[in-house]
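Undergrad: One structure is given below, represented as structure tokens, and several questions about it will come after.
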Amino acid sequence: MAPSAASSNTKEGESGEEGYTALEKHVAFFDRNGDGVIYPWETYQGFRAIGVGRLPSAIAGLFINMGLSQKTRPGKGFSLLFPIEVKNSHFCIHGSVTEVYDKNGRFVESKFEEIFKKHARSHRNALTYKELLQLLKSNRDPGDFGGWIAAYGEWKLLYELCKDEDGLLTREAVKGAFDGSIFRKLEKERLSSSHKKKEKRRR
């Protein structure tokens, strides 16, 4: 089933996700107006929404869209706006990964469970940073330097944004990263924190 078009009343940071695969839901968080296409400024806005700084968000918006745009637009001409089409995000799956996404971007439960069975040694349902590095090392495909870098960047960002007070990356956070739900949670928490700060200033 093809992803449904977003309705006109879609809120920023949300999209019409009926029929979306897990990967498409992950990517769709950055489709800030829900039209099925992500531009560099939307990637920037998405990173800012989850608490990433202005400069790294700008760098991400530039390089992610430049690197992935054409892969998601097979048969279409080059565009200087570097759009990413959510429905074709599975064409961007790189090597040296956990294979929790299948070739079509669907979530593979058994591969997700493998992450914790193989690497969660200290805590059954969470990863330490050291265990995370071991996970990355075990998934490296020989000579796939681009995949190594991409995987490290993705997991490092997830760890920095979602680690708990004990420095652990929980099963819930990891699963939420695969379907994008953790991004929405982070955005809500950030908005709530910002609102509370404003309320304090008014008192």
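Every chain in the structure tokens has a letter given in the order shown (A, B, ...), and although residue numbers restart at 1 in each chain, ligands are simply numbered from 1 in the order shown.
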Would you mind listing what lies within 12 Å of Ala22 of chain A as number ranges by chain, with only C-alpha atoms counted and same-chain residues fewer than 3 positions away left out?

TA: A: 3, 17-19, 25-29, 86-87, 89-90, 100-109, 175-181

Undergrad: Kindly provide the residues of segment 27-120 of chain A that approach segment 137-157 of chain A to within 10 Å, each paired with its closest atom pair and their distance in Å to one decimal, based on only C-alpha atoms, listed by chain and increasing number, as CSV.

TA:
```
residue,atom,partner,partner_atom,distance
A:Val52,CA,A:Leu157,CA,9.0
A:Ile93,CA,A:Gly147,CA,9.4
A:His94,CA,A:Gly147,CA,5.8
A:Gly95,CA,A:Gly147,CA,5.0
A:Ser96,CA,A:Arg140,CA,4.4
A:Val97,CA,A:Asn139,CA,5.7
A:Thr98,CA,A:Asn139,CA,6.4
A:Glu99,CA,A:Asn139,CA,9.1
A:Lys118,CA,A:Ser138,CA,9.9
A:His119,CA,A:Ser138,CA,9.6
```

Undergrad: Counting only C-alpha atoms, which residue out of A:Asn88, A:Phe63, A:Phe30, A:Tyr20 sits closest to Phe47 of chain A?

TA: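 Comparing A:Asn88, A:Phe63, A:Phe30, A:Tyr20 against Phe47 of chain A, the winner is A:Phe30.
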
Undergrad: Using DSSP assignments from the backbone, pull out every residue in chain A that falls under strand (DSSP E or B) and give it to me as a tab-separated table (two decimals) with all heavy atoms, in the first residue's frame.

TA:
```tsv
chain	number	residue	atom	x	y	z
A	37	VAL	N	7.33	15.28	0.89
A	37	VAL	CA	8.63	15.70	0.37
A	37	VAL	C	9.37	16.50	1.44
A	37	VAL	O	8.78	17.36	2.10
A	37	VAL	CB	8.49	16.56	-0.91
A	37	VAL	CG1	9.86	16.94	-1.45
A	37	VAL	CG2	7.70	15.81	-1.97
A	38	ILE	N	10.64	16.19	1.62
A	38	ILE	CA	11.44	16.87	2.65
A	38	ILE	C	12.52	17.72	1.99
A	38	ILE	O	13.35	17.21	1.23
A	38	ILE	CB	12.12	15.85	3.58
A	38	ILE	CG1	11.07	14.91	4.19
A	38	ILE	CG2	12.90	16.56	4.68
A	38	ILE	CD1	11.67	13.70	4.88
A	84	ILE	N	13.75	15.24	-0.77
A	84	ILE	CA	13.75	13.81	-0.46
A	84	ILE	C	12.31	13.35	-0.44
A	84	ILE	O	11.48	13.92	0.27
A	84	ILE	CB	14.41	13.55	0.91
A	84	ILE	CG1	15.91	13.84	0.86
A	84	ILE	CG2	14.17	12.09	1.35
A	84	ILE	CD1	16.58	13.75	2.22
A	85	GLU	N	11.98	12.32	-1.21
A	85	GLU	CA	10.62	11.80	-1.26
A	85	GLU	C	10.47	10.68	-0.22
A	85	GLU	O	11.15	9.66	-0.29
A	85	GLU	CB	10.29	11.30	-2.66
A	85	GLU	CG	10.30	12.42	-3.70
A	85	GLU	CD	9.80	11.97	-5.06
A	85	GLU	OE1	9.33	10.81	-5.18
A	85	GLU	OE2	9.87	12.77	-6.00
A	101	TYR	N	15.57	-2.79	9.42
A	101	TYR	CA	14.72	-2.49	8.27
A	101	TYR	C	15.00	-3.53	7.19
A	101	TYR	O	16.16	-3.83	6.90
A	101	TYR	CB	15.04	-1.12	7.67
A	101	TYR	CG	14.76	0.07	8.55
A	101	TYR	CD1	15.74	1.05	8.74
A	101	TYR	CD2	13.52	0.26	9.16
A	101	TYR	CE1	15.51	2.16	9.53
A	101	TYR	CE2	13.28	1.37	9.94
A	101	TYR	CZ	14.27	2.32	10.12
A	101	TYR	OH	14.03	3.43	10.89
A	107	PHE	N	9.83	-2.90	9.42
A	107	PHE	CA	10.49	-3.26	10.68
A	107	PHE	C	10.57	-4.77	10.81
A	107	PHE	O	9.58	-5.48	10.65
A	107	PHE	CB	9.69	-2.67	11.84
A	107	PHE	CG	10.31	-2.89	13.19
A	107	PHE	CD1	11.34	-2.07	13.64
A	107	PHE	CD2	9.87	-3.90	14.02
A	107	PHE	CE1	11.91	-2.25	14.89
A	107	PHE	CE2	10.42	-4.10	15.27
A	107	PHE	CZ	11.45	-3.27	15.71
A	123	HIS	N	22.85	-4.69	30.97
A	123	HIS	CA	21.43	-4.53	31.25
A	123	HIS	C	20.64	-5.17	30.11
A	123	HIS	O	20.91	-4.89	28.95
A	123	HIS	CB	21.06	-3.05	31.38
A	123	HIS	CG	21.88	-2.31	32.40
A	123	HIS	ND1	21.50	-2.22	33.72
A	123	HIS	CD2	23.06	-1.66	32.28
A	123	HIS	CE1	22.42	-1.53	34.39
A	123	HIS	NE2	23.37	-1.17	33.53
A	126	ALA	N	18.82	-2.47	27.72
A	126	ALA	CA	19.49	-1.19	27.45
A	126	ALA	C	20.93	-1.43	27.01
A	126	ALA	O	21.50	-2.49	27.28
A	126	ALA	CB	19.46	-0.30	28.69
A	127	LEU	N	21.48	-0.45	26.33
A	127	LEU	CA	22.85	-0.52	25.86
A	127	LEU	C	23.70	0.56	26.53
A	127	LEU	O	23.26	1.71	26.63
A	127	LEU	CB	22.92	-0.31	24.34
A	127	LEU	CG	22.22	-1.34	23.45
A	127	LEU	CD1	22.17	-0.83	22.01
A	127	LEU	CD2	22.91	-2.69	23.52
A	169	LEU	N	21.11	3.59	26.86
A	169	LEU	CA	20.18	3.77	25.76
A	169	LEU	C	19.17	2.62	25.84
A	169	LEU	O	19.52	1.47	25.59
A	169	LEU	CB	20.93	3.74	24.42
A	169	LEU	CG	20.12	4.06	23.16
A	169	LEU	CD1	19.51	5.45	23.23
A	169	LEU	CD2	21.01	3.92	21.92
A	170	THR	N	17.95	2.92	26.19
A	170	THR	CA	16.96	1.89	26.47
A	170	THR	C	16.37	1.26	25.21
A	170	THR	O	16.41	1.84	24.12
A	170	THR	CB	15.81	2.46	27.30
A	170	THR	OG1	15.09	3.42	26.51
A	170	THR	CG2	16.32	3.11	28.58
```

Undergrad: Extract, using only C-alpha atoms, all DNA, RNA and protein residues at most 8 Å from Gly51 of chain A, discarding same-chain residues fewer than 3 positions from it, and format them as a count of residues only.

TA: 6

Undergrad: If you count only C-alpha atoms, which residues fall within 12 Å of Arg121 of chain A, apart from same-chain ones fewer than 5 positions away, as a list in words?

TA: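 The filter keeps Ile115, Phe116, Ala126, Leu127, Thr128, Tyr129, Lys130, Glu131, Leu132, Gln134, Leu135 and Leu168 of chain A.
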
Undergrad: Tell me, as a list in words, which residues lie within 6 Å of Gly61 of chain A, counting only C-alpha atoms; anything in the same chain fewer than 5 positions away does not count.

TA: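 After dropping sequence-adjacent residues, the list is Pro40, Thr43 and Tyr44 of chain A.
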
Undergrad: Among the residues of segment 32-77 of chain A, find those DSSP assigns to alpha helix (DSSP H) from the backbone and print them as a list in words.

TA: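 Result set for segment 32-77 of chain A (alpha helix (DSSP H)): Pro40, Trp41, Glu42, Thr43, Tyr44, Gln45, Gly46, Phe47, Arg48, Ala49, Arg54, Leu55, Pro56, Ser57, Ala58, Ile59, Ala60, Gly61, Leu62, Phe63, Ile64, Asn65, Met66, Gly67 and Leu68 of chain A.
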
Undergrad: Between atom CA of Val174 of chain A and atom CA of Ala49 of chain A, what is the distance in Å, rounded to a tenth?

TA: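 Computing the Euclidean distance for atom CA of Val174 of chain A and atom CA of Ala49 of chain A yields 18.4 Å.
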